[in-house]
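Student: Once you've had a glance at the structure underneath, I'll fire off some questions.
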Amino acid sequence: MATAVRADFRSSRWRGRLALIAVVAWIAYEWGPGNETVTPFLVLAVLDRTEAGVASVVVPATVGFAFTLVQQLLSGVTALAGFSMFAGTAQAAWRRLSVDGTKEVRGWHEIGGAAKVAVAWGLGTTAVALAQIVTTGTVGVVRHLRAVVQSAFLAATGVGVLAAGVGGLAWLGRSVPSMRGSTDVVIRVLGNPLLWLGLVVVTLVMDRRAARRATAVAGS
């Protein structure tokens with residue numbers, strides 16, 4: 001993929017180069033540990049600073065939903081524009097997404113509800129944008145914007161619901177005097193980005209091993 005990105009970078013002007021850099025940055029953020037590290041940290045940091053009560057449910061849920069929605073919309077629109085401009089990078093990203101053809105990847109409108117949740121949560125709108133462009137053979141932001149918006153709202157709703165649930169548990173724990181201190185400690189631990197980064201690293205290692213096994217089986 002690095003080779004394709006360098007080739008597209010050299011062949012484009014400065015505006016195109018900025019778009020390409022933005023696409024690569026979003027891919028690194030969404031397909032790497034970015035989402036899984038930043039979002040929990042943000043939500044739990046807000047919860048840690050919110051007093052017990054209804055606010056401990058509403059505020060983290062609202063922040064989590066809004067942050068995720070805006071971020072997913074920005075990344076999706078950027079990916080639609082970037083992948084429409086740079087065929088080489090798009091094809092290289094597609095090979096990586098499909099693990100060199102060993103993993104079936106379909107367009108957003110062709111998959112069921114459970115698969116949509118998995119894509120929206122696991123890879124984000126950059127993957128949705130890429131899948132739409134490659135599977136349909138058509139480019140353009142407006143043409144595939146609906147899929148990106150749906151994915152963004154799905155991811156944001158999930159984050160909002162989880163944040164509300166965690167806020168509810170925090171409210172319950174803080175309402176009991178003997179549990180208030182330990183509840184605050186748990187929230188701070190869960191809000192530590194190193195915890196989530198570690199979990200992401202473990203997941204990435206497991207996924208890489210699974211991909212290597214799949215490639216080996218396909219080549220044998």
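Residue names in the structure tokens use chain letters A, B, ... in the order shown, residue numbers from 1 in each chain, and ligand numbers from 1 in the order shown.
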List the neighbours of stretch 161-178 of chain A out to 9 Å using only C-alpha atoms; skip same-chain residues closer than 6 positions along the sequence, and give me the result as a list in words.
Tutor: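 Answer for this query is Pro40, Val43, Leu44, Leu47, Glu51, Ala52, Gly53, Val54, Ala55, Ser56, Val57, Val58, Val59, Pro60, Ala61, Thr62, Val63, Gly64, Phe65, Asp184 and Ile187 of chain A.
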Student: Could you save those same residues with N, CA, C and O atoms as a tab-separated table (two decimals), in the first residue's frame?
Tutor:
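Everything below was put into selection31.tsv:
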chain	number	residue	atom	x	y	z
A	40	PRO	N	-13.22	5.80	23.84
A	40	PRO	CA	-13.42	5.46	25.26
A	40	PRO	C	-12.77	6.46	26.20
A	40	PRO	O	-13.34	6.80	27.25
A	43	VAL	N	-15.06	9.64	26.32
A	43	VAL	CA	-16.33	9.41	27.02
A	43	VAL	C	-16.11	9.25	28.52
A	43	VAL	O	-16.82	9.84	29.33
A	44	LEU	N	-15.12	8.46	28.89
A	44	LEU	CA	-14.89	8.21	30.32
A	44	LEU	C	-14.25	9.41	31.00
A	44	LEU	O	-14.48	9.63	32.20
A	47	LEU	N	-17.22	11.47	31.75
A	47	LEU	CA	-17.96	10.86	32.86
A	47	LEU	C	-17.27	11.12	34.20
A	47	LEU	O	-17.92	11.38	35.21
A	51	GLU	N	-20.96	14.98	37.61
A	51	GLU	CA	-21.52	14.57	38.90
A	51	GLU	C	-22.55	13.47	38.72
A	51	GLU	O	-23.16	13.32	37.66
A	52	ALA	N	-22.75	12.68	39.79
A	52	ALA	CA	-23.73	11.60	39.75
A	52	ALA	C	-25.13	12.18	39.53
A	52	ALA	O	-25.44	13.28	39.95
A	53	GLY	N	-25.96	11.42	38.89
A	53	GLY	CA	-27.32	11.86	38.58
A	53	GLY	C	-27.61	11.63	37.12
A	53	GLY	O	-26.89	10.94	36.41
A	54	VAL	N	-28.69	12.24	36.66
A	54	VAL	CA	-29.08	12.08	35.26
A	54	VAL	C	-27.98	12.56	34.32
A	54	VAL	O	-27.78	11.99	33.24
A	55	ALA	N	-27.24	13.58	34.73
A	55	ALA	CA	-26.17	14.12	33.88
A	55	ALA	C	-25.11	13.08	33.58
A	55	ALA	O	-24.51	13.10	32.50
A	56	SER	N	-24.87	12.16	34.52
A	56	SER	CA	-23.84	11.15	34.29
A	56	SER	C	-24.25	10.15	33.22
A	56	SER	O	-23.41	9.39	32.73
A	57	VAL	N	-25.52	10.14	32.87
A	57	VAL	CA	-26.00	9.30	31.77
A	57	VAL	C	-26.10	10.11	30.48
A	57	VAL	O	-25.62	9.69	29.42
A	58	VAL	N	-26.69	11.29	30.58
A	58	VAL	CA	-26.98	12.10	29.39
A	58	VAL	C	-25.73	12.70	28.78
A	58	VAL	O	-25.53	12.65	27.56
A	59	VAL	N	-24.87	13.28	29.61
A	59	VAL	CA	-23.70	14.00	29.08
A	59	VAL	C	-22.73	13.08	28.36
A	59	VAL	O	-22.36	13.35	27.20
A	60	PRO	N	-22.28	11.97	28.96
A	60	PRO	CA	-21.37	11.08	28.22
A	60	PRO	C	-22.00	10.51	26.96
A	60	PRO	O	-21.33	10.38	25.93
A	61	ALA	N	-23.30	10.18	27.04
A	61	ALA	CA	-23.97	9.64	25.85
A	61	ALA	C	-24.02	10.67	24.73
A	61	ALA	O	-23.78	10.35	23.55
A	62	THR	N	-24.31	11.91	25.08
A	62	THR	CA	-24.38	12.97	24.07
A	62	THR	C	-23.02	13.25	23.47
A	62	THR	O	-22.88	13.39	22.24
A	63	VAL	N	-22.00	13.32	24.31
A	63	VAL	CA	-20.64	13.58	23.82
A	63	VAL	C	-20.17	12.43	22.93
A	63	VAL	O	-19.60	12.65	21.86
A	64	GLY	N	-20.40	11.20	23.38
A	64	GLY	CA	-19.98	10.05	22.60
A	64	GLY	C	-20.67	9.99	21.25
A	64	GLY	O	-20.04	9.72	20.22
A	65	PHE	N	-21.98	10.24	21.23
A	65	PHE	CA	-22.73	10.23	19.98
A	65	PHE	C	-22.25	11.33	19.04
A	65	PHE	O	-21.97	11.07	17.86
A	184	ASP	N	-15.26	5.59	41.21
A	184	ASP	CA	-14.44	6.61	40.56
A	184	ASP	C	-13.10	6.04	40.08
A	184	ASP	O	-12.59	6.42	39.02
A	187	ILE	N	-13.68	4.06	36.90
A	187	ILE	CA	-13.90	4.96	35.76
A	187	ILE	C	-12.58	5.52	35.26
A	187	ILE	O	-12.34	5.59	34.05
Student: Excluding A:Val5 and any residue of its chain fewer than 2 positions from it, enumerate the residues within 9 Å of it, using only C-alpha atoms, and give them as a list in words.
Tutor: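 These residues fall inside the cut-off: Met1, Ala2, Thr3, Ala7, Asp8, Phe9, Arg10, Leu20, Ile21, Val24, Phe86, Gly88, Thr89 and Ala92 of chain A.
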Student: Could those residues be written to a file, using C-alpha atoms, as a compact mmCIF listing (two decimals), in the first residue's frame?
Tutor:
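Written output follows (again-v9.txt):
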# COMPACT_ATOMS: atom_id res chain seq x y z
CA MET A 1 0.00 0.00 0.00
CA ALA A 2 2.88 2.36 0.74
CA THR A 3 4.11 1.95 -2.84
CA ALA A 7 3.02 6.75 -6.69
CA ASP A 8 -0.27 8.64 -6.35
CA PHE A 9 1.45 11.30 -4.28
CA ARG A 10 4.13 11.93 -6.91
CA LEU A 20 -4.29 11.74 -0.18
CA ILE A 21 -2.58 12.50 3.12
CA VAL A 24 -4.17 7.76 4.62
CA PHE A 86 -6.58 7.85 -6.44
CA GLY A 88 -3.90 3.04 -7.04
CA THR A 89 -4.35 3.78 -3.36
CA ALA A 92 -4.10 -1.22 -2.51
Student: Write out as a ChimeraX atom specification the residues lying within 10 Å of stretch 70-85 of chain A, counting only C-alpha atoms and excluding same-chain residues fewer than 6 positions away.
Tutor: /A:8,12,16-27,29-30,35,91,93,120,124-130,132-134,138-145,147-156
Student: When DSSP is applied to the backbone of this structure, which of stretch 13-131 of chain A are assigned helix (DSSP H, G or I)? Write them out as a ChimeraX atom specification.
Tutor: /A:14-31,34-48,55-85,87-97,108-110,113-122,125-131
